[in-house]
Amino acid sequence: MPLTPDQKKERSKDLLLGLLSGILLGLSYPPIPLPFLSFVSLIPFLFVLEKRDTLLSINRVTYYTLFFFNLITLYWVGSWTKEADTFLMISGVALLFFNPLFYLIITTLYHFSKKSFGKKTALFLFPFYWVSFEFLYSLTDLRFPWLTLGNSLPYFKLFIQISDIVGVYGLSLIILFVNIFLYLSIKEFKSNKKLNYKYLTATLILILLVLTYGFIRINNFQEPNKKIKVGLIQPNLNPWSKWQAGNIDSQLDIYIKLSEQAINKGAKLIVWPESALPIYLLSGNYDYEVTKIHQFVNSNNIFLITGMPNVNYYFNKNDAPKDAKENRSGISYTSYNSILLFTPHSPKVEKYGKIKLVPFGEHVPFVEQLPFLGDFIKWEVGISSWNVGKDQIVFDLRDADNSIVKTAGVICIESIYPEFVAGFVQKGADIITVVTNDSWYGYSSGPFQHKEISVLRAVENRKSVIRAANGGVSCIIDPLGNTIASTKLFTRDILVGDVIINEGQTFYTRFPLIFPLISSFISIATIMIFLFKKISTKTKEQS
């Protein structure tokens, strides 16, 4: 049935409102310094959402709005550099179109809630549905929780201090409730030409409470005397070409020369980035390079943390774990995107295997259930089939006299998982070390967004975060979320600075899942009540 002129006008208005929300939401994320937009970005969308009655019409406008949000924030995932891997570009395009589909979980729950409890109650439950989706998304094999709403706020230092209690998911809830309260105020003003002071007051109280807490925390923070001087090495090596055979010794020389400069400035801990050398260093085939690193560490009496591929071979297949693969010679093996710790005057090298792998980029989703996917989906640089690490390891930097510091070793995308990083601190980490390689994505929003997410990890746990990136951004972040020093993108550089060692655990560190679990419980209860009412109605009709 063709639309009337009024219906066409209304549809055009709805499309503009959805577009406006998508743009505002996208512009609230780093590197654009407009975090305040997140507090009003969903208001246009809510005006459209409340008018829709059918699930199909609700989900249409949701997909439309969230597509533009994803386009603005995640356009960089395909890399789009001249050397970019074909599969990476295909994945980037697919993400832009498929990622908004997951948000339909939120509005489907809202629809169920509206049918069960009415419009206003559904609106107040909407923030919990959103947060339960954010948490659920972080658990699946397709996980990519980059766009958690709280991740829009790292530039708002005063506001994010409360995340040491509520975490990033709590920040998401606050953002959503502010949007809801302001929306209801505007809606009532449009209807009655009067301000609804109840909702405006709720907005003001909520914001003032958060800002007051932030002011108190910042002004009462006692900087510990215990510090360690670190040297972050940024070699700026081309991530595409360094995976080609050869030039390993020349790459190692670059790291050692840069590290010597950092040591001359007093660094006691040297950190190299993710996959610093494109080899299985400890496989037994690189004794010269291993010896050279040990000699370097011993002669300078420093600790070295480095990202590095690692492999374990199982010549007896009965000893191989279930997730072991086979090479062309039929030998079973497991390979990991790892972090290695070299300790002075110790032949032992501690290892941590990355647990949270990048979907498709490092680990093919559901490959354990459908092994043929591992042969079908591969990067040209050959890093799409890492094994999943087993345990979170806290590195104890202990010299002959005592323990200098305990540090988490976090690899790249692992830093976007809040409760995962908190798990390292629960195990005793005093600082958080992130090794990463964001050079795949060129000079885009991606590296800056990734860096700013680490600001939230620092505040949540009140720990310093140090990031060593291949091409930037390498930086030192203090427990208040301040970036003390940082490098520029795509420069060969070193960064040396004193890093605060802040012991203890925050409320969030001890209880990181409170808000996600509450939100999930509300979402599950909504589904159950909706189904119960639907079954009851059908039963009555039949009787």
# chains A, B, ... in the order shown; residues from 1 in each chain; ligands from 1
>>> select_by_dssp(residues="segment 296-460 of chain A", states="helix (DSSP H, G or I)", output="PyMOL selection string")
chain A and resi 296-300+317-319+372-376+412-416+418-426+439-441+445-460
>>> select_by_dssp(residues="segment 35-266 of chain A", states="strand (DSSP E or B)", output="number ranges by chain")
A: 227-234
>>> write_last_selection(atoms="C-alpha atoms", output="mmCIF file, in the first residue's frame")
data_model
loop_
_atom_site.group_PDB
_atom_site.id
_atom_site.type_symbol
_atom_site.label_atom_id
_atom_site.label_comp_id
_atom_site.auth_asym_id
_atom_site.auth_seq_id
_atom_site.Cartn_x
_atom_site.Cartn_y
_atom_site.Cartn_z
ATOM 1 C CA LYS A 227 58.015 3.680 41.388
ATOM 2 C CA ILE A 228 59.865 1.920 38.627
ATOM 3 C CA LYS A 229 61.544 3.558 35.652
ATOM 4 C CA VAL A 230 60.466 1.889 32.431
ATOM 5 C CA GLY A 231 61.674 2.136 28.872
ATOM 6 C CA LEU A 232 59.076 1.570 26.154
ATOM 7 C CA ILE A 233 60.541 0.674 22.775
ATOM 8 C CA GLN A 234 58.692 1.720 19.623
#
>>> residues_around(residues="Phe69 of chain A", least_positions_apart="4", cutoff="8 Å", atoms="only C-alpha atoms", output="PDB file with all heavy atoms, in the first residue's frame")
ATOM      1  N   SER A  21      21.220  10.599  15.526  1.00  0.00           N
ATOM      2  CA  SER A  21      21.700   9.831  16.684  1.00  0.00           C
ATOM      3  C   SER A  21      22.963   9.049  16.341  1.00  0.00           C
ATOM      4  O   SER A  21      23.917   9.017  17.121  1.00  0.00           O
ATOM      5  CB  SER A  21      20.618   8.859  17.163  1.00  0.00           C
ATOM      6  OG  SER A  21      19.847   9.413  18.194  1.00  0.00           O
ATOM      7  N   GLY A  22      22.970   8.406  15.174  1.00  0.00           N
ATOM      8  CA  GLY A  22      24.152   7.644  14.779  1.00  0.00           C
ATOM      9  C   GLY A  22      25.385   8.518  14.666  1.00  0.00           C
ATOM     10  O   GLY A  22      26.479   8.138  15.103  1.00  0.00           O
ATOM     11  N   ILE A  23      25.222   9.721  14.097  1.00  0.00           N
ATOM     12  CA  ILE A  23      26.354  10.636  13.934  1.00  0.00           C
ATOM     13  C   ILE A  23      26.823  11.166  15.282  1.00  0.00           C
ATOM     14  O   ILE A  23      28.026  11.189  15.567  1.00  0.00           O
ATOM     15  CB  ILE A  23      25.963  11.799  12.992  1.00  0.00           C
ATOM     16  CG1 ILE A  23      25.775  11.275  11.565  1.00  0.00           C
ATOM     17  CG2 ILE A  23      27.025  12.893  13.023  1.00  0.00           C
ATOM     18  CD1 ILE A  23      25.216  12.308  10.601  1.00  0.00           C
ATOM     19  N   LEU A  24      25.891  11.588  16.120  1.00  0.00           N
ATOM     20  CA  LEU A  24      26.264  12.118  17.441  1.00  0.00           C
ATOM     21  C   LEU A  24      26.991  11.069  18.269  1.00  0.00           C
ATOM     22  O   LEU A  24      27.986  11.353  18.946  1.00  0.00           O
ATOM     23  CB  LEU A  24      25.025  12.612  18.185  1.00  0.00           C
ATOM     24  CG  LEU A  24      24.357  13.876  17.650  1.00  0.00           C
ATOM     25  CD1 LEU A  24      23.065  14.157  18.412  1.00  0.00           C
ATOM     26  CD2 LEU A  24      25.305  15.076  17.752  1.00  0.00           C
ATOM     27  N   LEU A  25      26.479   9.854  18.214  1.00  0.00           N
ATOM     28  CA  LEU A  25      27.100   8.768  18.978  1.00  0.00           C
ATOM     29  C   LEU A  25      28.508   8.494  18.456  1.00  0.00           C
ATOM     30  O   LEU A  25      29.450   8.321  19.227  1.00  0.00           O
ATOM     31  CB  LEU A  25      26.230   7.515  18.873  1.00  0.00           C
ATOM     32  CG  LEU A  25      26.419   6.408  19.910  1.00  0.00           C
ATOM     33  CD1 LEU A  25      26.338   6.956  21.322  1.00  0.00           C
ATOM     34  CD2 LEU A  25      25.364   5.326  19.705  1.00  0.00           C
ATOM     35  N   GLY A  26      28.666   8.451  17.144  1.00  0.00           N
ATOM     36  CA  GLY A  26      29.986   8.229  16.556  1.00  0.00           C
ATOM     37  C   GLY A  26      30.970   9.330  16.884  1.00  0.00           C
ATOM     38  O   GLY A  26      32.144   9.058  17.165  1.00  0.00           O
ATOM     39  N   THR A  65      20.201   3.325  12.529  1.00  0.00           N
ATOM     40  CA  THR A  65      20.926   4.256  13.410  1.00  0.00           C
ATOM     41  C   THR A  65      22.302   3.726  13.768  1.00  0.00           C
ATOM     42  O   THR A  65      23.307   4.442  13.665  1.00  0.00           O
ATOM     43  CB  THR A  65      20.112   4.494  14.697  1.00  0.00           C
ATOM     44  OG1 THR A  65      18.845   5.035  14.357  1.00  0.00           O
ATOM     45  CG2 THR A  65      20.850   5.436  15.641  1.00  0.00           C
ATOM     46  N   THR A  73      32.808   5.021  13.745  1.00  0.00           N
ATOM     47  CA  THR A  73      33.779   4.591  14.761  1.00  0.00           C
ATOM     48  C   THR A  73      34.673   3.447  14.312  1.00  0.00           C
ATOM     49  O   THR A  73      35.803   3.307  14.783  1.00  0.00           O
ATOM     50  CB  THR A  73      33.046   4.169  16.050  1.00  0.00           C
ATOM     51  OG1 THR A  73      31.965   3.295  15.718  1.00  0.00           O
ATOM     52  CG2 THR A  73      32.500   5.385  16.789  1.00  0.00           C
TER      53      THR A  73
END
>>> closest_residue(among="A:Pro239, A:Glu260, A:Ile186, A:Lys114", to="Thr81 of chain A", atoms="only C-alpha atoms")
A:Pro239
>>> closest_residue(among="A:Ile207, A:Ser79, A:Lys390, A:Gly442", to="Ser91 of chain A", atoms="only C-alpha atoms")
A:Ser79
>>> closest_residue(among="A:Phe189, A:Phe521, A:Phe45, A:Phe532", to="Tyr129 of chain A", atoms="only C-alpha atoms")
A:Phe521
>>> residues_around(residues="Gly389 of chain A", least_positions_apart="6", cutoff="10 Å", atoms="only C-alpha atoms", output="number ranges by chain")
A: 334-338, 352-357
>>> write_last_selection(atoms="C-alpha atoms", output="mmCIF file, in the first residue's frame")
data_model
loop_
_atom_site.group_PDB
_atom_site.id
_atom_site.type_symbol
_atom_site.label_atom_id
_atom_site.label_comp_id
_atom_site.auth_asym_id
_atom_site.auth_seq_id
_atom_site.Cartn_x
_atom_site.Cartn_y
_atom_site.Cartn_z
ATOM 1 C CA THR A 334 50.452 -25.375 19.747
ATOM 2 C CA SER A 335 51.346 -21.781 18.926
ATOM 3 C CA TYR A 336 50.546 -18.666 20.884
ATOM 4 C CA ASN A 337 50.685 -14.920 20.542
ATOM 5 C CA SER A 338 52.748 -14.545 23.689
ATOM 6 C CA TYR A 352 52.051 -15.878 28.857
ATOM 7 C CA GLY A 353 49.853 -16.983 25.932
ATOM 8 C CA LYS A 354 47.184 -14.579 24.745
ATOM 9 C CA ILE A 355 43.691 -15.644 25.813
ATOM 10 C CA LYS A 356 41.397 -13.067 24.186
ATOM 11 C CA LEU A 357 42.139 -13.461 20.488
#
>>> decode(residues="segment 300-321 of chain A", atoms="N, CA, C and O atoms", output="CSV table (one decimal), in the first residue's frame")
chain,number,residue,atom,x,y,z
A,300,ASN,N,73.2,-5.6,31.6
A,300,ASN,CA,72.6,-4.3,32.0
A,300,ASN,C,71.7,-4.4,33.2
A,300,ASN,O,71.2,-3.4,33.7
A,301,ASN,N,71.6,-5.6,33.7
A,301,ASN,CA,70.8,-5.9,35.0
A,301,ASN,C,69.4,-5.3,34.9
A,301,ASN,O,69.0,-4.6,35.8
A,302,ILE,N,68.7,-5.6,33.8
A,302,ILE,CA,67.4,-5.1,33.6
A,302,ILE,C,66.4,-6.2,33.3
A,302,ILE,O,66.9,-7.3,32.9
A,303,PHE,N,65.2,-5.9,33.4
A,303,PHE,CA,64.1,-6.9,33.0
A,303,PHE,C,63.6,-6.5,31.6
A,303,PHE,O,63.6,-5.4,31.3
A,304,LEU,N,63.3,-7.5,30.9
A,304,LEU,CA,62.8,-7.3,29.5
A,304,LEU,C,61.5,-8.1,29.3
A,304,LEU,O,61.4,-9.3,29.5
A,305,ILE,N,60.4,-7.3,29.0
A,305,ILE,CA,59.1,-7.9,28.7
A,305,ILE,C,58.9,-7.7,27.2
A,305,ILE,O,59.1,-6.5,26.7
A,306,THR,N,58.6,-8.7,26.5
A,306,THR,CA,58.5,-8.6,25.0
A,306,THR,C,57.3,-9.4,24.5
A,306,THR,O,57.2,-10.6,24.9
A,307,GLY,N,56.6,-8.9,23.6
A,307,GLY,CA,55.6,-9.7,22.8
A,307,GLY,C,56.4,-10.6,21.9
A,307,GLY,O,57.4,-10.1,21.3
A,308,MET,N,56.0,-11.8,21.7
A,308,MET,CA,56.8,-12.8,20.9
A,308,MET,C,55.9,-14.0,20.6
A,308,MET,O,55.3,-14.6,21.5
A,309,PRO,N,55.9,-14.4,19.3
A,309,PRO,CA,55.3,-15.7,19.0
A,309,PRO,C,55.9,-16.8,19.8
A,309,PRO,O,57.2,-16.8,20.0
A,310,ASN,N,55.2,-17.8,20.2
A,310,ASN,CA,55.7,-19.0,21.0
A,310,ASN,C,55.1,-20.2,20.5
A,310,ASN,O,53.9,-20.3,20.2
A,311,VAL,N,55.9,-21.3,20.5
A,311,VAL,CA,55.4,-22.6,20.0
A,311,VAL,C,55.8,-23.7,21.0
A,311,VAL,O,56.9,-23.7,21.6
A,312,ASN,N,55.0,-24.7,21.1
A,312,ASN,CA,55.3,-26.0,21.8
A,312,ASN,C,55.1,-27.1,20.9
A,312,ASN,O,54.0,-27.3,20.3
A,313,TYR,N,56.1,-28.0,20.8
A,313,TYR,CA,56.0,-29.2,19.9
A,313,TYR,C,55.7,-30.4,20.8
A,313,TYR,O,56.3,-30.5,21.9
A,314,TYR,N,55.0,-31.3,20.2
A,314,TYR,CA,54.6,-32.6,20.9
A,314,TYR,C,55.0,-33.7,20.0
A,314,TYR,O,54.2,-34.1,19.1
A,315,PHE,N,56.1,-34.3,20.2
A,315,PHE,CA,56.6,-35.4,19.3
A,315,PHE,C,55.9,-36.7,19.6
A,315,PHE,O,55.8,-37.6,18.7
A,316,ASN,N,55.3,-36.8,20.8
A,316,ASN,CA,54.4,-37.9,21.1
A,316,ASN,C,53.0,-37.4,21.1
A,316,ASN,O,52.6,-36.5,21.9
A,317,LYS,N,52.2,-37.8,20.1
A,317,LYS,CA,50.9,-37.2,20.0
A,317,LYS,C,50.0,-37.5,21.2
A,317,LYS,O,49.0,-36.7,21.4
A,318,ASN,N,50.3,-38.5,22.0
A,318,ASN,CA,49.5,-38.7,23.2
A,318,ASN,C,49.7,-37.6,24.2
A,318,ASN,O,48.9,-37.4,25.1
A,319,ASP,N,50.8,-36.9,24.1
A,319,ASP,CA,51.1,-35.8,25.1
A,319,ASP,C,50.4,-34.5,24.6
A,319,ASP,O,50.4,-33.5,25.3
A,320,ALA,N,50.0,-34.4,23.4
A,320,ALA,CA,49.5,-33.2,22.8
A,320,ALA,C,48.1,-32.9,23.4
A,320,ALA,O,47.3,-33.7,23.5
A,321,PRO,N,47.8,-31.6,23.6
A,321,PRO,CA,46.5,-31.2,24.1
A,321,PRO,C,45.4,-31.3,23.0
A,321,PRO,O,45.8,-31.4,21.8
